[in-house]
Every structure is written in C-alpha cells, then in structure tokens.
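Asks: For reference, this is final28.cif, and it has mmCIF, C-alpha atoms and all ligand atoms.
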```cif
data_coords
loop_
_atom_site.group_PDB
_atom_site.id
_atom_site.type_symbol
_atom_site.label_atom_id
_atom_site.label_comp_id
_atom_site.auth_asym_id
_atom_site.auth_seq_id
_atom_site.Cartn_x
_atom_site.Cartn_y
_atom_site.Cartn_z
ATOM 1 C CA MET A 296 -25.114 43.055 -38.556
ATOM 2 C CA SER A 297 -21.723 44.666 -38.150
ATOM 3 C CA LEU A 298 -18.212 43.242 -37.988
ATOM 4 C CA VAL A 299 -15.258 45.469 -37.162
ATOM 5 C CA LEU A 300 -11.778 43.951 -37.286
ATOM 6 C CA TYR A 301 -8.892 45.517 -35.375
ATOM 7 C CA HIS A 302 -5.788 44.063 -36.947
ATOM 8 C CA SER A 303 -2.338 44.628 -38.302
ATOM 9 C CA GLY A 304 -1.221 44.089 -41.899
ATOM 10 C CA LEU A 305 1.504 41.499 -41.648
ATOM 11 C CA SER A 306 0.568 39.850 -38.345
ATOM 12 C CA THR A 307 0.049 36.108 -38.741
ATOM 13 C CA CYS A 308 -2.820 36.086 -36.218
ATOM 14 C CA SER A 309 -4.617 38.904 -38.045
ATOM 15 C CA LYS A 310 -4.247 37.045 -41.332
ATOM 16 C CA GLN A 311 -5.943 34.008 -39.780
ATOM 17 C CA VAL A 312 -9.097 35.987 -39.038
ATOM 18 C CA ARG A 313 -9.033 37.810 -42.387
ATOM 19 C CA LEU A 314 -8.815 34.417 -44.094
ATOM 20 C CA ALA A 315 -11.804 33.037 -42.160
ATOM 21 C CA LEU A 316 -13.890 36.168 -42.809
ATOM 22 C CA ARG A 317 -13.134 36.045 -46.516
ATOM 23 C CA GLU A 318 -13.666 32.275 -46.811
ATOM 24 C CA LYS A 319 -17.143 32.945 -45.413
ATOM 25 C CA GLY A 320 -17.714 35.958 -47.632
ATOM 26 C CA LEU A 321 -18.285 38.243 -44.631
ATOM 27 C CA ALA A 322 -17.771 41.968 -45.127
ATOM 28 C CA TYR A 323 -15.988 43.781 -42.289
ATOM 29 C CA GLU A 324 -14.830 47.242 -41.399
ATOM 30 C CA SER A 325 -11.056 47.361 -41.157
ATOM 31 C CA ARG A 326 -9.343 49.255 -38.294
ATOM 32 C CA TYR A 327 -5.590 49.214 -38.259
ATOM 33 C CA ILE A 328 -3.588 48.777 -35.099
ATOM 34 C CA GLU A 329 -0.010 49.821 -35.741
ATOM 35 C CA LEU A 330 2.158 47.448 -33.724
ATOM 36 C CA TRP A 331 5.281 49.450 -34.533
ATOM 37 C CA ARG A 332 3.660 52.358 -32.682
ATOM 38 C CA TYR A 333 2.471 50.139 -29.821
ATOM 39 C CA GLU A 334 -1.145 51.072 -30.451
ATOM 40 C CA ASN A 335 -2.050 47.578 -29.199
ATOM 41 C CA LEU A 336 -1.099 48.759 -25.700
ATOM 42 C CA HIS A 337 -3.151 51.932 -25.789
ATOM 43 C CA PRO A 338 -5.708 52.024 -22.936
ATOM 44 C CA ASP A 339 -8.552 52.427 -25.447
ATOM 45 C CA TYR A 340 -7.505 49.271 -27.279
ATOM 46 C CA LEU A 341 -6.959 47.341 -24.023
ATOM 47 C CA LYS A 342 -10.626 47.915 -23.254
ATOM 48 C CA LEU A 343 -11.408 45.789 -26.316
ATOM 49 C CA ASN A 344 -8.595 43.273 -25.946
ATOM 50 C CA PRO A 345 -7.148 42.953 -22.406
ATOM 51 C CA ASN A 346 -4.304 40.795 -23.785
ATOM 52 C CA GLY A 347 -2.983 43.798 -25.732
ATOM 53 C CA VAL A 348 -2.535 41.938 -29.021
ATOM 54 C CA VAL A 349 -4.137 41.846 -32.450
ATOM 55 C CA PRO A 350 -6.590 40.744 -33.719
ATOM 56 C CA THR A 351 -9.878 41.722 -32.091
ATOM 57 C CA LEU A 352 -13.243 41.338 -33.777
ATOM 58 C CA VAL A 353 -16.218 43.401 -32.692
ATOM 59 C CA HIS A 354 -19.468 41.710 -33.674
ATOM 60 C CA ASP A 355 -22.558 43.869 -33.152
ATOM 61 C CA GLY A 356 -20.755 45.763 -30.383
ATOM 62 C CA GLN A 357 -19.325 42.684 -28.625
ATOM 63 C CA ALA A 358 -15.502 42.481 -28.664
ATOM 64 C CA ILE A 359 -13.981 39.020 -29.020
ATOM 65 C CA TYR A 360 -10.297 38.206 -29.240
ATOM 66 C CA ASN A 361 -7.730 35.439 -29.845
ATOM 67 C CA ALA A 362 -7.479 34.466 -33.510
ATOM 68 C CA LEU A 363 -8.327 30.820 -33.131
ATOM 69 C CA THR A 364 -11.314 31.347 -30.880
ATOM 70 C CA ILE A 365 -12.523 34.236 -33.062
ATOM 71 C CA ASN A 366 -12.474 31.828 -36.005
ATOM 72 C CA GLU A 367 -14.369 29.154 -34.056
ATOM 73 C CA TYR A 368 -16.889 31.826 -33.055
ATOM 74 C CA LEU A 369 -17.288 32.883 -36.694
ATOM 75 C CA ASP A 370 -17.877 29.268 -37.647
ATOM 76 C CA ASP A 371 -20.549 28.976 -34.922
ATOM 77 C CA VAL A 372 -22.356 32.179 -35.863
ATOM 78 C CA PHE A 373 -21.904 31.989 -39.648
ATOM 79 C CA PRO A 374 -21.758 28.230 -40.264
ATOM 80 C CA ASP A 375 -21.890 28.387 -44.043
ATOM 81 C CA PRO A 376 -19.489 27.361 -45.535
ATOM 82 C CA PRO A 377 -18.219 25.292 -42.594
ATOM 83 C CA LEU A 378 -14.547 25.607 -41.640
ATOM 84 C CA ARG A 379 -14.523 22.731 -39.154
ATOM 85 C CA PRO A 380 -15.076 19.068 -40.004
ATOM 86 C CA ALA A 381 -18.238 17.488 -38.573
ATOM 87 C CA ASP A 382 -16.600 14.121 -37.949
ATOM 88 C CA PRO A 383 -15.206 14.057 -34.354
ATOM 89 C CA ALA A 384 -11.891 12.443 -35.314
ATOM 90 C CA ALA A 385 -11.290 14.938 -38.115
ATOM 91 C CA ARG A 386 -12.322 17.774 -35.806
ATOM 92 C CA TRP A 387 -9.829 16.541 -33.215
ATOM 93 C CA ASN A 388 -7.152 16.546 -35.914
ATOM 94 C CA MET A 389 -8.142 20.081 -36.887
ATOM 95 C CA ARG A 390 -7.820 21.213 -33.272
ATOM 96 C CA GLN A 391 -4.433 19.618 -32.708
ATOM 97 C CA TRP A 392 -3.228 21.425 -35.871
ATOM 98 C CA THR A 393 -4.489 24.772 -34.639
ATOM 99 C CA TRP A 394 -2.717 24.015 -31.336
ATOM 100 C CA THR A 395 0.447 23.184 -33.326
ATOM 101 C CA ALA A 396 0.127 26.523 -35.123
ATOM 102 C CA ASP A 397 -0.101 28.292 -31.749
ATOM 103 C CA MET A 398 3.034 26.483 -30.511
ATOM 104 C CA LEU A 399 4.887 27.476 -33.662
ATOM 105 C CA HIS A 400 3.600 31.026 -33.370
ATOM 106 C CA LEU A 401 5.611 31.514 -30.168
ATOM 107 C CA ALA A 402 8.803 30.676 -32.072
ATOM 108 C CA VAL A 403 7.703 32.729 -35.088
ATOM 109 C CA GLN A 404 7.052 35.678 -32.819
ATOM 110 C CA ASP A 405 10.511 35.543 -31.241
ATOM 111 C CA MET A 406 12.133 35.357 -34.675
ATOM 112 C CA THR A 407 9.987 38.276 -35.882
ATOM 113 C CA TYR A 408 10.897 40.355 -32.817
ATOM 114 C CA ALA A 409 14.562 39.656 -33.550
ATOM 115 C CA ALA A 410 14.290 40.430 -37.267
ATOM 116 C CA VAL A 411 11.957 43.434 -37.210
ATOM 117 C CA LEU A 412 11.204 44.818 -33.771
ATOM 118 C CA GLN A 413 14.659 44.777 -32.239
ATOM 119 C CA SER A 414 15.934 47.801 -34.154
ATOM 120 C CA LYS A 415 12.735 49.769 -33.471
ATOM 121 C CA VAL A 416 12.911 49.050 -29.749
ATOM 122 C CA ASP A 417 16.600 49.945 -29.689
ATOM 123 C CA ASP A 418 15.605 53.438 -30.866
ATOM 124 C CA LEU A 419 13.489 54.102 -27.749
ATOM 125 C CA THR A 420 14.853 55.908 -24.704
ATOM 126 C CA ASP A 421 15.484 53.775 -21.617
ATOM 127 C CA ALA A 422 12.513 55.430 -19.894
ATOM 128 C CA ASP A 423 10.190 54.619 -22.809
ATOM 129 C CA LYS A 424 11.477 51.034 -22.919
ATOM 130 C CA GLU A 425 10.530 50.647 -19.262
ATOM 131 C CA LYS A 426 7.151 52.267 -19.823
ATOM 132 C CA LEU A 427 6.480 49.952 -22.731
ATOM 133 C CA VAL A 428 7.398 46.744 -20.927
ATOM 134 C CA ALA A 429 5.398 47.753 -17.856
ATOM 135 C CA ALA A 430 2.307 48.308 -20.032
ATOM 136 C CA ILE A 431 2.238 44.740 -21.419
ATOM 137 C CA PRO A 432 -0.621 42.993 -19.621
ATOM 138 C CA VAL A 433 0.276 39.302 -20.088
ATOM 139 C CA PRO A 434 3.295 38.246 -17.957
ATOM 140 C CA ASP A 435 4.746 35.791 -20.484
ATOM 141 C CA ARG A 436 4.667 38.403 -23.252
ATOM 142 C CA ARG A 437 6.055 41.019 -20.886
ATOM 143 C CA ALA A 438 9.023 38.713 -20.235
ATOM 144 C CA ARG A 439 9.597 38.286 -23.988
ATOM 145 C CA TRP A 440 9.549 42.021 -24.475
ATOM 146 C CA ARG A 441 11.894 42.513 -21.538
ATOM 147 C CA HIS A 442 14.240 40.092 -23.239
ATOM 148 C CA THR A 443 13.981 42.159 -26.435
ATOM 149 C CA VAL A 444 14.643 45.512 -24.793
ATOM 150 C CA GLU A 445 17.537 44.024 -22.855
ATOM 151 C CA GLY A 446 19.475 43.068 -25.972
ATOM 152 C CA GLY A 447 17.391 40.408 -27.671
ATOM 153 C CA PHE A 448 17.608 36.730 -28.454
ATOM 154 C CA SER A 449 20.959 34.974 -28.590
ATOM 155 C CA GLU A 450 22.070 32.859 -31.552
ATOM 156 C CA LYS A 451 21.431 29.765 -29.442
ATOM 157 C CA GLU A 452 17.880 30.867 -28.632
ATOM 158 C CA LEU A 453 17.178 31.645 -32.278
ATOM 159 C CA ALA A 454 18.550 28.219 -33.272
ATOM 160 C CA GLU A 455 16.075 26.640 -30.838
ATOM 161 C CA ARG A 456 13.231 28.539 -32.544
ATOM 162 C CA GLU A 457 14.480 27.258 -35.883
ATOM 163 C CA GLU A 458 14.325 23.700 -34.522
ATOM 164 C CA MET A 459 10.662 24.301 -33.705
ATOM 165 C CA PHE A 460 10.089 25.435 -37.288
ATOM 166 C CA ALA A 461 11.742 22.284 -38.666
ATOM 167 C CA TRP A 462 9.632 20.133 -36.318
ATOM 168 C CA GLY A 463 6.383 21.803 -37.458
ATOM 169 C CA ILE A 464 7.224 21.597 -41.155
ATOM 170 C CA ALA A 465 8.183 17.904 -40.875
ATOM 171 C CA LYS A 466 4.930 17.196 -39.056
ATOM 172 C CA ALA A 467 2.926 18.940 -41.788
ATOM 173 C CA GLU A 468 4.859 17.107 -44.524
ATOM 174 C CA ALA A 469 3.923 13.757 -42.941
ATOM 175 C CA GLN A 470 0.233 14.716 -42.609
ATOM 176 C CA LEU A 471 -0.022 16.046 -46.155
ATOM 177 C CA ALA A 472 1.423 12.805 -47.538
ATOM 178 C CA GLU A 473 -1.766 11.184 -46.161
ATOM 179 C CA THR A 474 -4.488 13.809 -46.718
ATOM 180 C CA PRO A 475 -4.967 16.777 -49.101
ATOM 181 C CA TRP A 476 -5.728 19.206 -46.267
ATOM 182 C CA LEU A 477 -4.274 19.191 -42.764
ATOM 183 C CA ALA A 478 -7.407 17.928 -40.988
ATOM 184 C CA GLY A 479 -8.380 15.433 -43.690
ATOM 185 C CA ASP A 480 -10.407 15.669 -46.873
ATOM 186 C CA ASP A 481 -11.647 19.234 -46.421
ATOM 187 C CA PHE A 482 -10.084 22.670 -46.086
ATOM 188 C CA SER A 483 -10.509 23.858 -42.473
ATOM 189 C CA LEU A 484 -9.336 26.186 -39.725
ATOM 190 C CA ALA A 485 -6.273 23.907 -39.470
ATOM 191 C CA ASP A 486 -5.146 25.076 -42.919
ATOM 192 C CA ILE A 487 -6.000 28.682 -42.074
ATOM 193 C CA SER A 488 -3.913 28.654 -38.897
ATOM 194 C CA MET A 489 -0.962 26.798 -40.382
ATOM 195 C CA ILE A 490 -0.709 28.637 -43.724
ATOM 196 C CA THR A 491 0.037 31.934 -41.995
ATOM 197 C CA ILE A 492 2.766 30.282 -39.908
ATOM 198 C CA VAL A 493 4.300 28.295 -42.790
ATOM 199 C CA HIS A 494 4.277 31.431 -44.967
ATOM 200 C CA ARG A 495 6.144 33.363 -42.256
ATOM 201 C CA ILE A 496 8.637 30.495 -41.791
ATOM 202 C CA GLY A 497 9.247 30.710 -45.541
ATOM 203 C CA GLU A 498 9.970 34.423 -45.186
ATOM 204 C CA ILE A 499 12.351 33.940 -42.263
ATOM 205 C CA ARG A 500 14.019 30.625 -43.200
ATOM 206 C CA PRO A 501 13.210 29.839 -46.882
ATOM 207 C CA ALA A 502 15.383 26.698 -46.884
ATOM 208 C CA LEU A 503 12.967 25.027 -44.460
ATOM 209 C CA VAL A 504 10.126 25.113 -47.014
ATOM 210 C CA ASP A 505 12.198 24.210 -50.073
ATOM 211 C CA PRO A 506 9.904 22.219 -52.445
ATOM 212 C CA ALA A 507 12.785 19.809 -53.102
ATOM 213 C CA THR A 508 12.788 18.689 -49.469
ATOM 214 C CA VAL A 509 9.133 19.195 -48.458
ATOM 215 C CA PRO A 510 7.134 18.682 -51.674
ATOM 216 C CA GLN A 511 3.852 18.015 -49.865
ATOM 217 C CA VAL A 512 4.045 21.251 -47.898
ATOM 218 C CA ALA A 513 4.985 23.140 -51.071
ATOM 219 C CA ALA A 514 2.028 21.715 -53.022
ATOM 220 C CA TRP A 515 -0.336 22.411 -50.089
ATOM 221 C CA GLN A 516 0.881 26.025 -49.892
ATOM 222 C CA CYS A 517 -0.016 26.420 -53.587
ATOM 223 C CA ARG A 518 -3.449 24.831 -53.042
ATOM 224 C CA VAL A 519 -4.253 27.112 -50.112
ATOM 225 C CA LYS A 520 -2.907 30.257 -51.771
ATOM 226 C CA ASP A 521 -4.943 29.561 -54.886
ATOM 227 C CA ARG A 522 -8.184 30.033 -52.949
ATOM 228 C CA PRO A 523 -9.741 33.491 -53.484
ATOM 229 C CA ALA A 524 -9.552 34.374 -49.756
ATOM 230 C CA ALA A 525 -5.846 33.565 -49.549
ATOM 231 C CA ARG A 526 -5.094 35.203 -52.889
ATOM 232 C CA PHE A 527 -6.320 38.453 -51.349
ATOM 233 C CA VAL A 528 -4.823 38.021 -47.871
ATOM 234 C CA PHE A 529 -1.351 37.100 -49.183
ATOM 235 C CA ASP A 530 -1.335 39.740 -51.921
ATOM 236 C CA PRO A 531 1.428 42.159 -50.846
ATOM 237 C CA ASN A 532 -0.200 45.050 -52.695
ATOM 238 C CA THR A 533 -3.494 45.434 -50.874
ATOM 239 C CA ASP A 534 -4.378 47.979 -48.203
ATOM 240 C CA GLU A 535 -4.621 45.117 -45.728
ATOM 241 C CA VAL A 536 -0.965 44.240 -45.986
ATOM 242 C CA ARG A 537 0.592 47.657 -46.270
ATOM 243 C CA SER A 538 1.139 49.615 -43.130
ATOM 244 C CA ARG A 539 -1.870 51.566 -42.018
ATOM 245 C CA PRO A 540 -3.481 53.478 -44.870
ATOM 246 C CA ALA A 541 -4.443 57.063 -44.072
ATOM 247 C CA GLY A 542 -7.818 57.520 -42.517
ATOM 248 C CA LYS A 543 -8.279 53.943 -41.363
ATOM 249 C CA SER A 544 -6.744 54.036 -37.911
ATOM 250 C CA LEU A 545 -8.460 53.448 -34.619
ATOM 251 C CA ALA A 546 -10.030 56.891 -34.360
ATOM 252 C CA GLY A 547 -8.253 59.180 -31.961
ATOM 253 C CA LEU A 548 -5.486 56.773 -31.041
ATOM 254 C CA GLU A 549 -2.247 58.527 -30.267
ATOM 255 C CA THR A 550 1.113 57.070 -31.164
ATOM 256 C CA PHE A 551 3.683 56.064 -28.592
ATOM 257 C CA PRO A 552 4.938 57.455 -26.260
ATOM 258 C CA TYR A 553 1.477 58.244 -24.977
ATOM 259 C CA GLU A 554 0.292 58.222 -21.400
ATOM 260 C CA LEU A 555 -0.140 54.568 -20.413
HETATM 261 N N1 LIG B 1 -2.804 33.985 -31.147
HETATM 262 C C1 LIG B 1 -2.963 34.994 -30.116
HETATM 263 C C2 LIG B 1 -1.724 35.861 -30.059
HETATM 264 C C3 LIG B 1 -1.859 37.160 -30.777
HETATM 265 C C4 LIG B 1 -0.520 37.800 -31.080
HETATM 266 O O1 LIG B 1 0.525 37.403 -30.574
HETATM 267 N N2 LIG B 1 -0.566 38.845 -31.919
HETATM 268 C C5 LIG B 1 0.642 39.515 -32.267
HETATM 269 C C6 LIG B 1 0.701 39.743 -33.754
HETATM 270 S S1 LIG B 1 0.685 38.213 -34.653
HETATM 271 C C7 LIG B 1 0.706 40.850 -31.537
HETATM 272 O O2 LIG B 1 -0.302 41.511 -31.370
HETATM 273 N N3 LIG B 1 1.890 41.233 -31.095
HETATM 274 C C8 LIG B 1 2.075 42.452 -30.371
HETATM 275 C C9 LIG B 1 3.137 42.291 -29.328
HETATM 276 O O3 LIG B 1 3.869 41.319 -29.350
HETATM 277 O O4 LIG B 1 3.237 43.173 -28.486
HETATM 278 C C10 LIG B 1 -4.200 35.790 -30.404
HETATM 279 O O5 LIG B 1 -4.704 35.724 -31.525
HETATM 280 O O6 LIG B 1 -4.660 36.505 -29.500
#
```
Here is the file; what I need is its structure written in the form of structure tokens.
Replies:
Amino acid sequence: MSLVLYHSGLSTCSKQVRLALREKGLAYESRYIELWRYENLHPDYLKLNPNGVVPTLVHDGQAIYNALTINEYLDDVFPDPPLRPADPAARWNMRQWTWTADMLHLAVQDMTYAAVLQSKVDDLTDADKEKLVAAIPVPDRRARWRHTVEGGFSEKELAEREEMFAWGIAKAEAQLAETPWLAGDDFSLADISMITIVHRIGEIRPALVDPATVPQVAAWQCRVKDRPAARFVFDPNTDEVRSRPAGKSLAGLETFPYEL
C-alpha cells in the first residue's frame, strides 16, 4: 500500500489531510508543492489535480483531491480509528462544520493572498502575471487571482472577510459551550477542518480568538493541539511546515515562469 501526499507546508487544506493521516497512523511519502513558485499550476501537477490546488493524495497510483473529500475517503478506506460519528444527527453536524470550514476558507484565502502573496505577485512582470492568471483552471479562483494581480483587496473587502471570521468563531463558541468537540462527544473531521481555519484566523486576527472573549474556542484549540497528530502538524519546526526541504520536491518540476 502506498500513500503519496502532494502538499504545501503552511496551507490550511494540506494540514487537514496531514492531520487525518496522522490521526490514523498512516505513513505517507511527502512531496512538496511550492505555491510561491506556482508549482500547483505546472502541467505535470494539473494531471494529478485538475483544480490546480494542494493537497492531492495518491493512493496506490490513484490521485484524489479536495481536502475534505480526501479525508472522507481515508475514513472509508482506513476506518480505524473512525473520524466521523456513526450517529446520523452527529454526522450531519460534522458535515455542516466541514462546510462551515470551507466557507471560512474562502475568506481566509483572500486574507492570506493579501498578507503574503500580494508582494510576491507584484514582483512578476506584467506578461508573467497574465500567464499566471490564464493558467488557473477554476474560474472563481482565476477571478480571485486577477483581483490580486490588479492591485488586491480593498480595506472594505478585507473587513468583510473579517466579519466572516467573527461569524465562524462565534458559531464555534456557541457549539463548544454545548459539546466538547464540534460534532458532539467525539473528535472528528469537523475538528480537523476547523482547527486549521481557527489557527490561521488567530495568526491573521489574534483578537478574534482572545481566550477572554471566546473561552470555549480557546479551550478547544488547546484540546485539539494536545493530540499527537496536531502537535506534529502545528509544530513550526518540522520539515512539513518549513518551505520545501531539499530533495523532496515533485521530481523534475521547474519553477515559474515555466511553459504553461
Ligand atoms: N479545500 C479545497 C481548496 C484547496 C485550496 O484552496 N488550496 C490552497 C492552499 S490552502 C491552494 O492550493 N492555493 C493555491 C492558489 O490559490 O493558487 C481543496 O482542498 O481542494
């Protein structure tokens, strides 16, 4: 049995799959996709993931993508320990939390583009900016990138993203006042999806996760991050978090600007 994970160190979606793999004790081969070099848009990578994003998991030669559905697949194929509740109502709750995490991810992504990617994109020539945007396969993402290369998000747009963050954190605070984990009594994919988002919100807007105002979310973050899988995935000093370590890249992948 072989599992090969194409992922990027700090990407929230990559962390979700690394968490699930480690919760299940599954060993995997790590292949780094350097987003800052647009390796995710390289034709060789697009053959594995036509959406042009990380992560992608290759299981015995079969490529599967989209963090949430990868994690559901892992739970189907490697059911022990389970990461989804058996009870239908709790499973529904788990799914609406993973949906919430996906909604929040759109806002997180825009904020991350503004904070990190904007300056890197600004360094490209106009021709390379055009080439880059044209290579993005999913129209909605292409439009976001176009927005970034054309100057980026306005203060008003960023404030709207921050409102989304506040909405998500308040929703989690209310849930965690009722149950120890987001989907109920047991740790699940809901916690895996949301911890990566809440962690990133804490990096971008620390005031929104202040323990004084959201004590339940703060205590839950400690509970999740105390698990061995999360201790590893959120450790800033591992190979998985640093930018690509030498010798672990997608073999033969060029760095941008390559022929697209
Ligand atoms: N949740 C979706 C979205 C993945 C996603 O947006 N990944 C980001 C990193 S967290 C990415 O690859 N970004 C590259 C880009 O924006 O071009 C999935 O897992 O496929």
Asks: Ligand LIG 1 (chain B): which residues are within 8 Å, counting all atoms listed in the file? Reply as number ranges by chain.
Replies: A: 303, 305-309, 330, 333, 335-336, 346-351, 360-364, 397, 400-401, 404, 408, 431, 436, 440
Asks: Just how far from CA of Thr420 (chain A) is CA of Arg437 (chain A), in Å to one decimal?
Replies: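 CA of Arg437 (chain A) sits 17.7 Å away from CA of Thr420 (chain A).
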Asks: Run the PyMOL selection byres (((chain A and resi 396) around 9) and not hetatm) mentally over the shown coordinates, then write out the matched residues as a PyMOL selection string, using the chain letters and numbers from the document.
Replies: chain A and resi 391-395+397-401+463+485+488-493
Asks: At what distance in Å, to one decimal, does CA of Ala402 (chain A) lie from CA of Asp421 (chain A)?
Replies: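 These two atoms are separated by 26.2 Å.
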Asks: Run the PyMOL selection byres (((chain A and resi 472) around 12) and not hetatm) against the file shown and list the residues it catches, as a ChimeraX atom specification.
Replies: /A:465-471,473-477,479,509-515
Asks: For each of A:Thr533, A:Pro374, A:Gln516, A:Asp480, take the minimum atom-to-atom distance to Arg386 (chain A), counting only C-alpha atoms, then give the residue where this is smallest.
Replies: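 Smallest distance to Arg386 (chain A) is found for A:Asp480.
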Asks: What is the distance between CA of Ala315 (chain A) and CA of Ile464 (chain A), in Å to one decimal?
Replies: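 That distance, rounded to one decimal, is 22.2 Å.
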Asks: Expand the PyMOL selection byres (((chain A and resi 484) around 7) and not hetatm) into the explicit residue set it covers here, and present it as a list in words.
Replies: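 That expression, the PyMOL selection byres (((chain A and resi 484) around 7) and not hetatm), corresponds here to Leu378, Arg379, Met389, Ser483, Ala485, Asp486, Ile487 and Ser488 of chain A.
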Asks: Measuring atom to atom with only C-alpha atoms, identify which of A:Leu412, A:Val372, A:Leu352, A:Val528 is nearest to Gly446 (chain A).
Replies: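 Counting only C-alpha atoms, the residue closest to Gly446 (chain A) is A:Leu412.
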Asks: Rank A:Pro345, A:Pro338, A:Gly356, A:Pro380 by their smallest atom-to-atom distance to Ser297 (chain A), using all atoms listed in the file, and report the top residue only.
Replies: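 Of A:Pro345, A:Pro338, A:Gly356, A:Pro380, the one nearest Ser297 (chain A) is A:Gly356, counting all atoms listed in the file.
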Asks: Calculate, to one decimal in Å, the centre and edge lengths of the box along x, y and z of the file that holds all listed atoms of region 395-414 of chain A with 8 Å of margin on each side, and present them as JSON.
Replies:
```
{"center_x": 7.9, "center_y": 35.5, "center_z": -33.7, "size_x": 32.0, "size_y": 40.6, "size_z": 23.1}
```
Asks: Between A:Asp405, A:Glu445, A:Glu334, A:Glu318, which is the closest to Tyr301 (chain A) once you count only C-alpha atoms?
Replies: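 Closest candidate: A:Glu334.
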Asks: Mind rebuilding region 385-404 of chain A with N, CA and C atoms and writing that out as a PDB file, keeping the file's coordinate frame?
Replies:
```pdb
ATOM      1  N   ALA A 385     -11.867  13.897 -37.263  1.00  0.00           N
ATOM      2  CA  ALA A 385     -11.290  14.938 -38.115  1.00  0.00           C
ATOM      3  C   ALA A 385     -11.272  16.277 -37.375  1.00  0.00           C
ATOM      4  N   ARG A 386     -12.301  16.513 -36.561  1.00  0.00           N
ATOM      5  CA  ARG A 386     -12.322  17.774 -35.806  1.00  0.00           C
ATOM      6  C   ARG A 386     -11.207  17.785 -34.761  1.00  0.00           C
ATOM      7  N   TRP A 387     -10.970  16.626 -34.143  1.00  0.00           N
ATOM      8  CA  TRP A 387      -9.829  16.541 -33.215  1.00  0.00           C
ATOM      9  C   TRP A 387      -8.542  16.887 -33.962  1.00  0.00           C
ATOM     10  N   ASN A 388      -8.383  16.300 -35.148  1.00  0.00           N
ATOM     11  CA  ASN A 388      -7.152  16.546 -35.914  1.00  0.00           C
ATOM     12  C   ASN A 388      -7.031  18.036 -36.257  1.00  0.00           C
ATOM     13  N   MET A 389      -8.159  18.641 -36.607  1.00  0.00           N
ATOM     14  CA  MET A 389      -8.142  20.081 -36.887  1.00  0.00           C
ATOM     15  C   MET A 389      -7.645  20.852 -35.659  1.00  0.00           C
ATOM     16  N   ARG A 390      -8.183  20.466 -34.485  1.00  0.00           N
ATOM     17  CA  ARG A 390      -7.820  21.213 -33.272  1.00  0.00           C
ATOM     18  C   ARG A 390      -6.367  21.015 -32.894  1.00  0.00           C
ATOM     19  N   GLN A 391      -5.838  19.787 -33.078  1.00  0.00           N
ATOM     20  CA  GLN A 391      -4.433  19.618 -32.708  1.00  0.00           C
ATOM     21  C   GLN A 391      -3.545  20.381 -33.696  1.00  0.00           C
ATOM     22  N   TRP A 392      -4.019  20.604 -34.937  1.00  0.00           N
ATOM     23  CA  TRP A 392      -3.228  21.425 -35.871  1.00  0.00           C
ATOM     24  C   TRP A 392      -3.282  22.907 -35.497  1.00  0.00           C
ATOM     25  N   THR A 393      -4.439  23.357 -35.031  1.00  0.00           N
ATOM     26  CA  THR A 393      -4.489  24.772 -34.639  1.00  0.00           C
ATOM     27  C   THR A 393      -3.643  24.977 -33.379  1.00  0.00           C
ATOM     28  N   TRP A 394      -3.606  23.957 -32.506  1.00  0.00           N
ATOM     29  CA  TRP A 394      -2.717  24.015 -31.336  1.00  0.00           C
ATOM     30  C   TRP A 394      -1.252  24.048 -31.802  1.00  0.00           C
ATOM     31  N   THR A 395      -0.928  23.203 -32.788  1.00  0.00           N
ATOM     32  CA  THR A 395       0.447  23.184 -33.326  1.00  0.00           C
ATOM     33  C   THR A 395       0.812  24.571 -33.872  1.00  0.00           C
ATOM     34  N   ALA A 396      -0.135  25.184 -34.569  1.00  0.00           N
ATOM     35  CA  ALA A 396       0.127  26.523 -35.123  1.00  0.00           C
ATOM     36  C   ALA A 396       0.405  27.517 -33.995  1.00  0.00           C
ATOM     37  N   ASP A 397      -0.324  27.386 -32.887  1.00  0.00           N
ATOM     38  CA  ASP A 397      -0.101  28.292 -31.749  1.00  0.00           C
ATOM     39  C   ASP A 397       1.278  28.073 -31.136  1.00  0.00           C
ATOM     40  N   MET A 398       1.684  26.787 -31.027  1.00  0.00           N
ATOM     41  CA  MET A 398       3.034  26.483 -30.511  1.00  0.00           C
ATOM     42  C   MET A 398       4.091  27.120 -31.403  1.00  0.00           C
ATOM     43  N   LEU A 399       3.900  26.944 -32.713  1.00  0.00           N
ATOM     44  CA  LEU A 399       4.887  27.476 -33.662  1.00  0.00           C
ATOM     45  C   LEU A 399       4.876  29.005 -33.654  1.00  0.00           C
ATOM     46  N   HIS A 400       3.698  29.570 -33.365  1.00  0.00           N
ATOM     47  CA  HIS A 400       3.600  31.026 -33.370  1.00  0.00           C
ATOM     48  C   HIS A 400       4.528  31.654 -32.330  1.00  0.00           C
ATOM     49  N   LEU A 401       4.710  30.967 -31.195  1.00  0.00           N
ATOM     50  CA  LEU A 401       5.611  31.514 -30.168  1.00  0.00           C
ATOM     51  C   LEU A 401       7.025  31.658 -30.727  1.00  0.00           C
ATOM     52  N   ALA A 402       7.463  30.619 -31.476  1.00  0.00           N
ATOM     53  CA  ALA A 402       8.803  30.676 -32.072  1.00  0.00           C
ATOM     54  C   ALA A 402       8.854  31.709 -33.194  1.00  0.00           C
ATOM     55  N   VAL A 403       7.774  31.761 -33.988  1.00  0.00           N
ATOM     56  CA  VAL A 403       7.703  32.729 -35.088  1.00  0.00           C
ATOM     57  C   VAL A 403       7.803  34.150 -34.537  1.00  0.00           C
ATOM     58  N   GLN A 404       7.097  34.357 -33.419  1.00  0.00           N
ATOM     59  CA  GLN A 404       7.052  35.678 -32.819  1.00  0.00           C
ATOM     60  C   GLN A 404       8.450  36.118 -32.363  1.00  0.00           C
TER      61      GLN A 404
END
```
